[in-house]
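The structure file structure_2.cif is reproduced below (mmCIF, C-alpha atoms).
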```cif
data_final
loop_
_atom_site.label_atom_id
_atom_site.label_comp_id
_atom_site.auth_asym_id
_atom_site.auth_seq_id
_atom_site.Cartn_x
_atom_site.Cartn_y
_atom_site.Cartn_z
CA LEU Y 1 334.69 72.65 104.54
CA ALA Y 2 331.87 72.65 102.03
CA LYS Y 3 328.55 73.89 103.38
CA THR Y 4 325.44 71.83 102.77
CA THR Y 5 321.83 72.91 102.34
CA GLN Y 6 318.89 70.55 102.72
CA PRO Y 7 315.17 70.95 103.42
CA ILE Y 8 314.25 71.43 107.04
CA SER Y 9 311.44 68.88 106.88
CA MET Y 10 309.62 66.45 104.63
CA ASP Y 11 306.46 64.42 104.97
CA SER Y 12 305.74 61.07 103.40
CA TYR Y 13 303.50 58.04 103.72
CA GLU Y 14 304.30 54.44 104.38
CA GLY Y 15 305.36 52.52 101.29
CA GLN Y 16 306.42 55.57 99.32
CA GLU Y 17 309.87 56.30 97.99
CA VAL Y 18 311.44 59.37 99.58
CA ASN Y 19 314.13 61.49 97.98
CA ILE Y 20 316.02 64.05 100.05
CA THR Y 21 318.25 66.40 98.12
CA CYS Y 22 321.28 68.17 99.50
CA SER Y 23 323.12 71.07 97.87
CA HIS Y 24 326.89 71.41 98.30
CA ASN Y 25 328.01 73.95 95.72
CA ASN Y 26 331.52 74.34 97.14
CA ILE Y 27 332.39 70.65 97.30
CA ALA Y 28 336.12 70.03 96.90
CA THR Y 29 337.79 67.47 94.70
CA ASN Y 30 338.69 65.22 97.63
CA ASP Y 31 335.32 65.48 99.38
CA TYR Y 32 332.98 62.56 99.82
CA ILE Y 33 329.26 62.84 100.52
CA THR Y 34 327.94 61.01 103.54
CA TRP Y 35 324.44 60.67 104.96
CA TYR Y 36 323.56 59.94 108.57
CA GLN Y 37 320.24 59.14 110.24
CA GLN Y 38 319.37 60.16 113.78
CA PHE Y 39 316.50 59.08 116.00
CA PRO Y 40 315.57 61.08 119.11
CA SER Y 41 317.93 60.59 122.03
CA GLN Y 42 320.34 58.50 119.97
CA GLY Y 43 323.59 59.20 118.21
CA PRO Y 44 323.64 59.55 114.41
CA ARG Y 45 323.96 56.37 112.41
CA PHE Y 46 325.75 56.05 109.08
CA ILE Y 47 323.52 55.33 106.10
CA ILE Y 48 325.56 55.68 102.93
CA GLN Y 49 328.59 57.38 101.42
CA GLY Y 50 329.59 58.16 97.86
CA TYR Y 51 331.90 60.17 95.65
CA LYS Y 52 330.18 60.21 92.27
CA THR Y 53 327.40 58.58 90.21
CA LYS Y 54 325.30 56.13 92.16
CA VAL Y 55 325.84 54.09 95.28
CA THR Y 56 323.36 51.57 96.62
CA ASN Y 57 323.30 49.49 99.78
CA GLU Y 58 320.67 47.52 101.61
CA VAL Y 59 319.18 50.64 103.14
CA ALA Y 60 319.32 53.43 100.57
CA SER Y 61 320.66 54.76 97.30
CA LEU Y 62 322.73 57.87 96.79
CA PHE Y 63 322.64 59.70 93.49
CA ILE Y 64 325.39 62.18 92.68
CA PRO Y 65 325.37 64.11 89.39
CA ALA Y 66 328.51 64.69 87.39
CA ASP Y 67 329.13 68.19 88.78
CA ARG Y 68 328.79 66.83 92.36
CA LYS Y 69 327.19 70.07 93.52
CA SER Y 70 324.22 68.19 94.90
CA SER Y 71 323.24 64.71 95.96
CA THR Y 72 319.99 62.85 96.55
CA LEU Y 73 319.38 60.27 99.21
CA SER Y 74 316.68 57.84 98.12
CA LEU Y 75 314.84 55.69 100.65
CA PRO Y 76 312.69 53.01 99.01
CA ARG Y 77 309.30 52.13 100.50
CA VAL Y 78 309.62 53.98 103.79
CA SER Y 79 307.99 52.77 106.96
CA LEU Y 80 307.00 54.53 110.16
CA SER Y 81 310.34 53.57 111.67
CA ASP Y 82 312.14 55.69 109.08
CA THR Y 83 310.87 58.84 110.79
CA ALA Y 84 314.09 60.53 111.79
CA VAL Y 85 316.44 63.41 111.03
CA TYR Y 86 318.69 62.86 108.04
CA TYR Y 87 321.99 64.71 107.73
CA CYS Y 88 324.03 65.29 104.61
CA LEU Y 89 327.75 65.80 105.24
CA VAL Y 90 330.58 66.66 102.92
CA GLY Y 91 334.19 66.11 103.84
CA ASP Y 92 337.50 64.59 102.95
CA GLY Y 93 336.83 60.87 103.02
CA ARG Y 94 340.44 59.92 102.55
CA GLY Y 95 341.09 59.76 106.25
CA GLY Y 96 343.45 62.70 106.14
CA SER Y 97 344.26 64.67 109.24
CA ASN Y 98 341.79 67.43 108.39
CA TYR Y 99 338.85 65.12 108.19
CA LYS Y 100 335.99 65.83 110.54
CA LEU Y 101 332.24 65.57 110.36
CA THR Y 102 330.38 68.86 110.07
CA PHE Y 103 326.64 68.57 110.57
CA GLY Y 104 323.96 71.03 109.50
CA LYS Y 105 320.44 71.04 110.88
CA GLY Y 106 319.38 68.07 108.81
CA THR Y 107 316.02 67.12 107.34
CA LEU Y 108 313.28 65.86 109.61
CA LEU Y 109 311.47 63.14 107.69
CA THR Y 110 308.06 62.26 109.05
CA VAL Y 111 306.46 59.10 107.70
CA ASN Y 112 302.72 58.97 108.17
CA PRO Y 113 300.51 55.87 108.19
CA ASP L 1 332.64 44.64 120.10
CA THR L 2 329.38 46.35 121.01
CA GLY L 3 330.20 49.72 119.48
CA VAL L 4 330.91 53.09 121.03
CA SER L 5 329.97 53.25 124.69
CA GLN L 6 329.31 56.40 126.67
CA ASP L 7 328.88 56.79 130.38
CA PRO L 8 326.77 58.03 132.02
CA ARG L 9 323.73 58.20 129.77
CA HIS L 10 322.20 60.95 131.83
CA LYS L 11 323.67 63.46 134.24
CA ILE L 12 321.91 66.13 136.27
CA THR L 13 324.16 68.57 138.05
CA LYS L 14 323.93 71.86 139.84
CA ARG L 15 325.33 74.96 138.26
CA GLY L 16 328.95 75.44 139.23
CA GLN L 17 329.74 71.76 139.67
CA ASN L 18 332.26 69.85 137.60
CA VAL L 19 331.21 66.86 135.49
CA THR L 20 333.17 64.23 133.60
CA PHE L 21 331.95 61.99 130.82
CA ARG L 22 333.62 58.90 129.49
CA CYS L 23 333.70 57.44 125.99
CA ASP L 24 334.96 53.99 125.04
CA PRO L 25 335.46 53.83 121.28
CA ILE L 26 335.46 50.78 119.06
CA SER L 27 338.74 49.11 119.91
CA GLU L 28 340.55 49.33 116.58
CA HIS L 29 339.49 52.91 115.88
CA ASN L 30 342.26 55.42 116.38
CA ARG L 31 340.14 58.51 115.77
CA LEU L 32 337.77 59.78 118.41
CA TYR L 33 335.41 62.76 118.24
CA TRP L 34 333.33 64.71 120.72
CA TYR L 35 330.21 66.59 119.68
CA ARG L 36 327.56 68.60 121.47
CA GLN L 37 323.95 68.67 120.37
CA THR L 38 321.14 70.89 121.56
CA LEU L 39 317.46 70.48 120.77
CA GLY L 40 316.62 71.01 117.11
CA GLN L 41 320.21 71.39 116.05
CA GLY L 42 322.68 69.07 114.41
CA PRO L 43 325.71 67.86 116.37
CA GLU L 44 328.40 70.53 116.78
CA PHE L 45 332.02 69.48 116.61
CA LEU L 46 333.99 70.02 119.81
CA THR L 47 337.28 68.20 119.42
CA TYR L 48 338.97 65.14 117.99
CA PHE L 49 341.86 62.84 118.74
CA GLN L 50 344.04 60.68 116.63
CA ASN L 51 345.35 58.11 119.05
CA GLU L 52 346.30 60.12 122.14
CA ALA L 53 346.94 63.36 120.29
CA GLN L 54 344.26 66.03 120.38
CA LEU L 55 344.50 67.38 116.83
CA GLU L 56 341.74 69.93 116.72
CA LYS L 57 339.56 71.90 119.12
CA SER L 58 336.53 73.96 118.26
CA ARG L 59 336.20 77.52 119.46
CA LEU L 60 333.09 76.20 121.20
CA LEU L 61 335.41 74.42 123.60
CA SER L 62 335.94 77.13 126.18
CA ASP L 63 338.62 76.92 128.85
CA ARG L 64 336.07 75.23 131.12
CA PHE L 65 336.10 72.21 128.82
CA SER L 66 338.94 69.74 128.62
CA ALA L 67 339.24 66.42 126.88
CA GLU L 68 341.81 63.71 127.20
CA ARG L 69 342.53 60.39 125.61
CA PRO L 70 345.32 58.75 127.59
CA LYS L 71 347.05 55.88 125.78
CA GLY L 72 344.80 56.39 122.78
CA SER L 73 342.00 54.28 124.18
CA PHE L 74 339.03 55.71 126.10
CA SER L 75 338.44 59.43 126.32
CA THR L 76 337.06 61.76 128.95
CA LEU L 77 335.38 65.12 128.55
CA GLU L 78 335.33 67.32 131.63
CA ILE L 79 333.30 70.46 132.09
CA GLN L 80 334.30 72.66 135.00
CA ARG L 81 332.01 75.17 136.70
CA THR L 82 329.01 74.07 134.68
CA GLU L 83 326.54 76.64 133.43
CA GLN L 84 322.93 76.21 132.35
CA GLY L 85 324.02 76.77 128.76
CA ASP L 86 326.07 73.60 128.96
CA SER L 87 322.88 71.54 129.06
CA ALA L 88 322.98 69.40 125.94
CA MET L 89 323.58 65.93 124.59
CA TYR L 90 327.30 65.13 124.40
CA LEU L 91 328.10 62.63 121.69
CA CYS L 92 331.23 60.63 121.13
CA ALA L 93 332.18 58.99 117.84
CA SER L 94 335.06 56.86 116.68
CA LYS L 95 336.46 56.10 113.26
CA ALA L 96 339.21 54.06 111.74
CA TYR L 97 342.00 55.90 109.97
CA ARG L 98 341.19 54.45 106.58
CA GLU L 99 339.70 55.87 103.47
CA ASN L 100 335.94 55.89 103.14
CA THR L 101 335.14 54.52 106.56
CA GLU L 102 332.23 55.81 108.53
CA ALA L 103 332.17 57.20 112.04
CA PHE L 104 330.26 55.30 114.69
CA PHE L 105 328.46 57.27 117.36
CA GLY L 106 327.63 56.37 120.92
CA GLN L 107 324.22 56.91 122.48
CA GLY L 108 325.35 60.14 124.05
CA THR L 109 325.34 61.61 127.54
CA ARG L 110 322.50 63.99 128.25
CA LEU L 111 323.59 66.71 130.63
CA THR L 112 321.11 68.86 132.49
CA VAL L 113 322.45 71.76 134.53
CA VAL L 114 319.98 73.06 137.09
#
```
Please, can you express the file's structure as C-alpha cells?
Amino acid sequence: LAKTTQPISMDSYEGQEVNITCSHNNIATNDYITWYQQFPSQGPRFIIQGYKTKVTNEVASLFIPADRKSSTLSLPRVSLSDTAVYYCLVGDGRGGSNYKLTFGKGTLLTVNP
Amino acid sequence: DTGVSQDPRHKITKRGQNVTFRCDPISEHNRLYWYRQTLGQGPEFLTYFQNEAQLEKSRLLSDRFSAERPKGSFSTLEIQRTEQGDSAMYLCASKAYRENTEAFFGQGTRLTVV
C-alpha cells in the first residue's frame, strides 16, 4: 500500500480557502486517492475521491497532477466548523479483495475566527 | 437507513474482564471493517469481512481479540482479558463492493480499561 505524507497541522481563518497537500510517491496504477474528515469523538467521514486531474463536489475540490505523486484537497471559504483532522488515503478503489483503508496521522486543521 | 450503528458508545471495564462490541453496517454493504484509534493517531486497521468471511486480520489483532460476522450482517468484536493498553476508540465501517464507493464509519465505541 502506498504511504502518504501530509502536514501534521495547519491554521487558517474563517472565509479563507485552505489547501492541504498529500504526498504519495509510491502510488500504484490502480490506486485512488480519498480524503476523510474526522471530528473529535466521531468516526471519519468521506469528503472526496479521485483518480486524476480534478474532482469537485459540494464540499471540496481535489487536484491531482499528471504524475499522481501528490494531491491537494481544497476547502473553499472555511468556517469554524471545518476544524477537524483531515486524512489522505491511497488504495485500490476498484473494490478488489485487497482493498482496505490505511490511515496516517492526518492533518489537524484549525480554523480561527 | 441511518448509517453504521455501533453499540455501546462507551464502555468502562476492569482489567481482565471480557468485552464485546457490536456493529450494524448499512444494510446493502457487504464489506465491514474494524479499526482502533488512540488519541492523536489515525485509525489503525484491525480486520475486515466480505459478507461472513473474515478476509484479513492485522497483526495488531492479538489472540485476545476475535471478530465475527455471522450471516454477513452485523459484526461483533470481542476482547478477552482486557488490558489497559486496549483503551481506545473502536470504529466500525462498512462499504459496498463496488468501484469507487466510500466507506461509512460509525460513531465508535470508546473503551476505557481501568
Taking only residues of chain L that have an atom at most 9 Å from an atom of chain Y, what is each one's shortest atom pair and its distance in Å to one decimal, using all atoms listed in the file, in chain and number order, as a tab-separated table?
```
residue	atom	partner	partner_atom	distance
L:Tyr33	CA	Y:Lys100	CA	8.3
L:Gly40	CA	Y:Lys105	CA	7.3
L:Gln41	CA	Y:Lys105	CA	5.2
L:Gly42	CA	Y:Lys105	CA	4.6
L:Pro43	CA	Y:Phe103	CA	5.9
L:Glu44	CA	Y:Phe103	CA	6.7
L:Phe45	CA	Y:Thr102	CA	6.8
L:Tyr48	CA	Y:Lys100	CA	8.1
L:Gln50	CA	Y:Ser97	CA	8.4
L:Leu55	CA	Y:Ser97	CA	8.1
L:Glu56	CA	Y:Asn98	CA	8.7
L:Met89	CA	Y:Ser41	CA	8.2
L:Leu91	CA	Y:Gly43	CA	6.6
L:Cys92	CA	Y:Gly43	CA	8.3
L:Ala93	CA	Y:Gly43	CA	8.6
L:Ala96	CA	Y:Gly95	CA	8.1
L:Tyr97	CA	Y:Gly95	CA	5.4
L:Arg98	CA	Y:Gly95	CA	5.3
L:Glu99	CA	Y:Arg94	CA	4.2
L:Asn100	CA	Y:Gly93	CA	5.1
L:Thr101	CA	Y:Gly93	CA	7.5
L:Glu102	CA	Y:Phe46	CA	6.5
L:Ala103	CA	Y:Phe46	CA	7.2
L:Phe104	CA	Y:Arg45	CA	6.8
L:Phe105	CA	Y:Gly43	CA	5.3
L:Gly106	CA	Y:Gly43	CA	5.6
L:Gln107	CA	Y:Gly43	CA	4.9
L:Gly108	CA	Y:Gly43	CA	6.2
L:Arg110	CA	Y:Ser41	CA	8.4
```
Practice task
Find, counting only C-alpha atoms, the residue in L:Ile12, L:Lys95, L:Glu68, L:Ala53 that gets nearest to Asn30 (chain L).
Solution key: L:Lys95
So what does the PyMOL selection byres ((chain Y and resi 74) around 10) actually pick up in this one, as an mmCIF file with C-alpha atoms, in the coordinates of the input?
```cif
data_model
loop_
_atom_site.group_PDB
_atom_site.id
_atom_site.type_symbol
_atom_site.label_atom_id
_atom_site.label_comp_id
_atom_site.auth_asym_id
_atom_site.auth_seq_id
_atom_site.Cartn_x
_atom_site.Cartn_y
_atom_site.Cartn_z
ATOM 1 C CA GLU Y 17 309.870 56.300 97.990
ATOM 2 C CA VAL Y 18 311.440 59.370 99.580
ATOM 3 C CA ASN Y 19 314.130 61.490 97.980
ATOM 4 C CA ILE Y 20 316.020 64.050 100.050
ATOM 5 C CA THR Y 21 318.250 66.400 98.120
ATOM 6 C CA THR Y 56 323.360 51.570 96.620
ATOM 7 C CA VAL Y 59 319.180 50.640 103.140
ATOM 8 C CA ALA Y 60 319.320 53.430 100.570
ATOM 9 C CA SER Y 61 320.660 54.760 97.300
ATOM 10 C CA LEU Y 62 322.730 57.870 96.790
ATOM 11 C CA PHE Y 63 322.640 59.700 93.490
ATOM 12 C CA SER Y 71 323.240 64.710 95.960
ATOM 13 C CA THR Y 72 319.990 62.850 96.550
ATOM 14 C CA LEU Y 73 319.380 60.270 99.210
ATOM 15 C CA LEU Y 75 314.840 55.690 100.650
ATOM 16 C CA PRO Y 76 312.690 53.010 99.010
ATOM 17 C CA ARG Y 77 309.300 52.130 100.500
ATOM 18 C CA VAL Y 78 309.620 53.980 103.790
#
```
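All residues of protein, DNA or RNA that reach within 8 Å of Thr5 (chain Y), judged by all atoms listed in the file and not counting those fewer than 2 positions away in the chain, are Lys3, Pro7, Cys22, Ser23, His24 and Gly104 of chain Y.
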Counting all atoms listed in the file, find the residues whose atoms lie at most 7 Å from (337.5, 57.4, 122.5) (file coordinates) and write them out as an mmCIF file with C-alpha atoms, keeping the file's coordinate frame.
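This is the output file part-v9.cif:
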```cif
data_model
loop_
_atom_site.group_PDB
_atom_site.id
_atom_site.type_symbol
_atom_site.label_atom_id
_atom_site.label_comp_id
_atom_site.auth_asym_id
_atom_site.auth_seq_id
_atom_site.Cartn_x
_atom_site.Cartn_y
_atom_site.Cartn_z
ATOM 1 C CA CYS L 23 333.700 57.440 125.990
ATOM 2 C CA ASP L 24 334.960 53.990 125.040
ATOM 3 C CA PRO L 25 335.460 53.830 121.280
ATOM 4 C CA LEU L 32 337.770 59.780 118.410
ATOM 5 C CA ARG L 69 342.530 60.390 125.610
ATOM 6 C CA SER L 73 342.000 54.280 124.180
ATOM 7 C CA PHE L 74 339.030 55.710 126.100
ATOM 8 C CA SER L 75 338.440 59.430 126.320
ATOM 9 C CA SER L 94 335.060 56.860 116.680
#
```
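Going from CA of Leu46 (chain L) to CA of Leu111 (chain L) covers 15.4 Å.
Using only C-alpha atoms, the nearest neighbour of Thr38 (chain L) within the list L:Gly72, L:Gly16, L:Pro8, L:Gly85 is L:Gly85.
Of note, CA of Thr112 (chain L) and CA of Arg9 (chain L) are spaced 11.3 Å apart.
Among the candidate residues Y:Leu89, Y:Ala66, Y:Val55, Y:Val111, the one lying nearest to Gly15 (chain Y) is Y:Val111, with distances computed using only C-alpha atoms.
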Practice task
Tell me which residues the PyMOL selection byres ((chain L and resi 77) around 6) grabs here, as a count of residues only.
Solution key: 6
Practice task
Rounded to one decimal place, report the CA of Ser5 (chain L)-CA of Ile26 (chain L) distance in Å.
Solution key: 8.2 Å
Exercise for the section: Using the chain letters and numbers from the file, give me the residues hit by the PyMOL selection byres ((chain Y and resi 13) around 6), as a PyMOL selection string. Expected result: chain Y and resi 12+14+16+111-113
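Counting only C-alpha atoms and comparing Y:Lys52, Y:Asn25, Y:Glu58, Y:Pro65, the residue that lies closest to Gln6 (chain Y) is Y:Asn25.
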Please, what is the axis-aligned box for every listed atom of region 43-59 of chain L with 8 Å on each side, as centre and edge lengths in Å to one decimal, as AutoDock Vina command-line options?
```
--center_x 336.3 --center_y 67.8 --center_z 119.3 --size_x 37.2 --size_y 35.4 --size_z 21.8
```
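With distances restricted to all atoms listed in the file, L:Val113 is the closest residue to Gln84 (chain L) from L:Val113, L:Glu28, L:Gln17, L:Phe49.
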Generate the missing atoms of region 8-30 of chain L up to N, CA, C and O atoms and report them as a compact mmCIF listing (two decimals), in the coordinates of the input.
```txt
# COMPACT_ATOMS: atom_id res chain seq x y z
N PRO L 8 328.12 58.60 131.87
CA PRO L 8 326.77 58.03 132.02
C PRO L 8 325.88 58.38 130.85
O PRO L 8 326.27 59.17 129.99
N ARG L 9 324.69 57.84 130.81
CA ARG L 9 323.73 58.20 129.77
C ARG L 9 323.04 59.50 130.10
O ARG L 9 322.68 60.27 129.21
N HIS L 10 322.84 59.73 131.38
CA HIS L 10 322.20 60.95 131.83
C HIS L 10 322.95 61.49 133.04
O HIS L 10 323.43 60.72 133.88
N LYS L 11 323.01 62.82 133.10
CA LYS L 11 323.67 63.46 134.24
C LYS L 11 322.93 64.75 134.55
O LYS L 11 322.74 65.60 133.67
N ILE L 12 322.51 64.88 135.80
CA ILE L 12 321.91 66.13 136.27
C ILE L 12 322.86 66.70 137.30
O ILE L 12 323.26 66.01 138.24
N THR L 13 323.21 67.96 137.13
CA THR L 13 324.16 68.57 138.05
C THR L 13 323.73 70.00 138.37
O THR L 13 322.98 70.62 137.61
N LYS L 14 324.21 70.48 139.47
CA LYS L 14 323.93 71.86 139.84
C LYS L 14 324.93 72.80 139.18
O LYS L 14 326.10 72.44 139.00
N ARG L 15 324.48 73.96 138.87
CA ARG L 15 325.33 74.96 138.26
C ARG L 15 326.56 75.19 139.15
O ARG L 15 326.46 75.29 140.37
N GLY L 16 327.71 75.23 138.49
CA GLY L 16 328.95 75.44 139.23
C GLY L 16 329.72 74.17 139.55
O GLY L 16 330.90 74.23 139.90
N GLN L 17 329.07 73.04 139.41
CA GLN L 17 329.74 71.76 139.67
C GLN L 17 330.54 71.32 138.44
O GLN L 17 330.30 71.77 137.32
N ASN L 18 331.49 70.43 138.70
CA ASN L 18 332.26 69.85 137.60
C ASN L 18 331.65 68.50 137.23
O ASN L 18 331.16 67.77 138.10
N VAL L 19 331.70 68.16 135.95
CA VAL L 19 331.21 66.86 135.49
C VAL L 19 332.24 66.26 134.55
O VAL L 19 332.98 66.98 133.87
N THR L 20 332.27 64.95 134.51
CA THR L 20 333.17 64.23 133.60
C THR L 20 332.41 63.13 132.92
O THR L 20 331.69 62.37 133.57
N PHE L 21 332.58 63.04 131.61
CA PHE L 21 331.95 61.99 130.82
C PHE L 21 333.04 61.10 130.25
O PHE L 21 334.15 61.55 129.94
N ARG L 22 332.66 59.86 130.04
CA ARG L 22 333.62 58.90 129.49
C ARG L 22 333.10 58.34 128.18
O ARG L 22 331.90 58.12 128.00
N CYS L 23 334.02 58.07 127.27
CA CYS L 23 333.70 57.44 125.99
C CYS L 23 334.68 56.30 125.75
O CYS L 23 335.90 56.49 125.81
N ASP L 24 334.14 55.13 125.46
CA ASP L 24 334.96 53.99 125.04
C ASP L 24 334.69 53.74 123.57
O ASP L 24 333.59 53.31 123.20
N PRO L 25 335.68 53.99 122.73
CA PRO L 25 335.46 53.83 121.28
C PRO L 25 335.53 52.37 120.88
O PRO L 25 335.86 51.50 121.69
N ILE L 26 335.23 52.11 119.63
CA ILE L 26 335.46 50.78 119.06
C ILE L 26 336.96 50.53 119.10
O ILE L 26 337.75 51.41 118.75
N SER L 27 337.36 49.35 119.51
CA SER L 27 338.74 49.11 119.91
C SER L 27 339.78 49.41 118.83
O SER L 27 340.83 49.92 119.12
N GLU L 28 339.52 49.11 117.60
CA GLU L 28 340.55 49.33 116.58
C GLU L 28 340.51 50.72 115.96
O GLU L 28 341.31 51.03 115.08
N HIS L 29 339.61 51.57 116.43
CA HIS L 29 339.49 52.91 115.88
C HIS L 29 340.49 53.85 116.56
O HIS L 29 340.49 53.98 117.79
N ASN L 30 341.30 54.53 115.76
CA ASN L 30 342.26 55.42 116.38
C ASN L 30 341.81 56.88 116.36
O ASN L 30 342.47 57.74 116.91
```
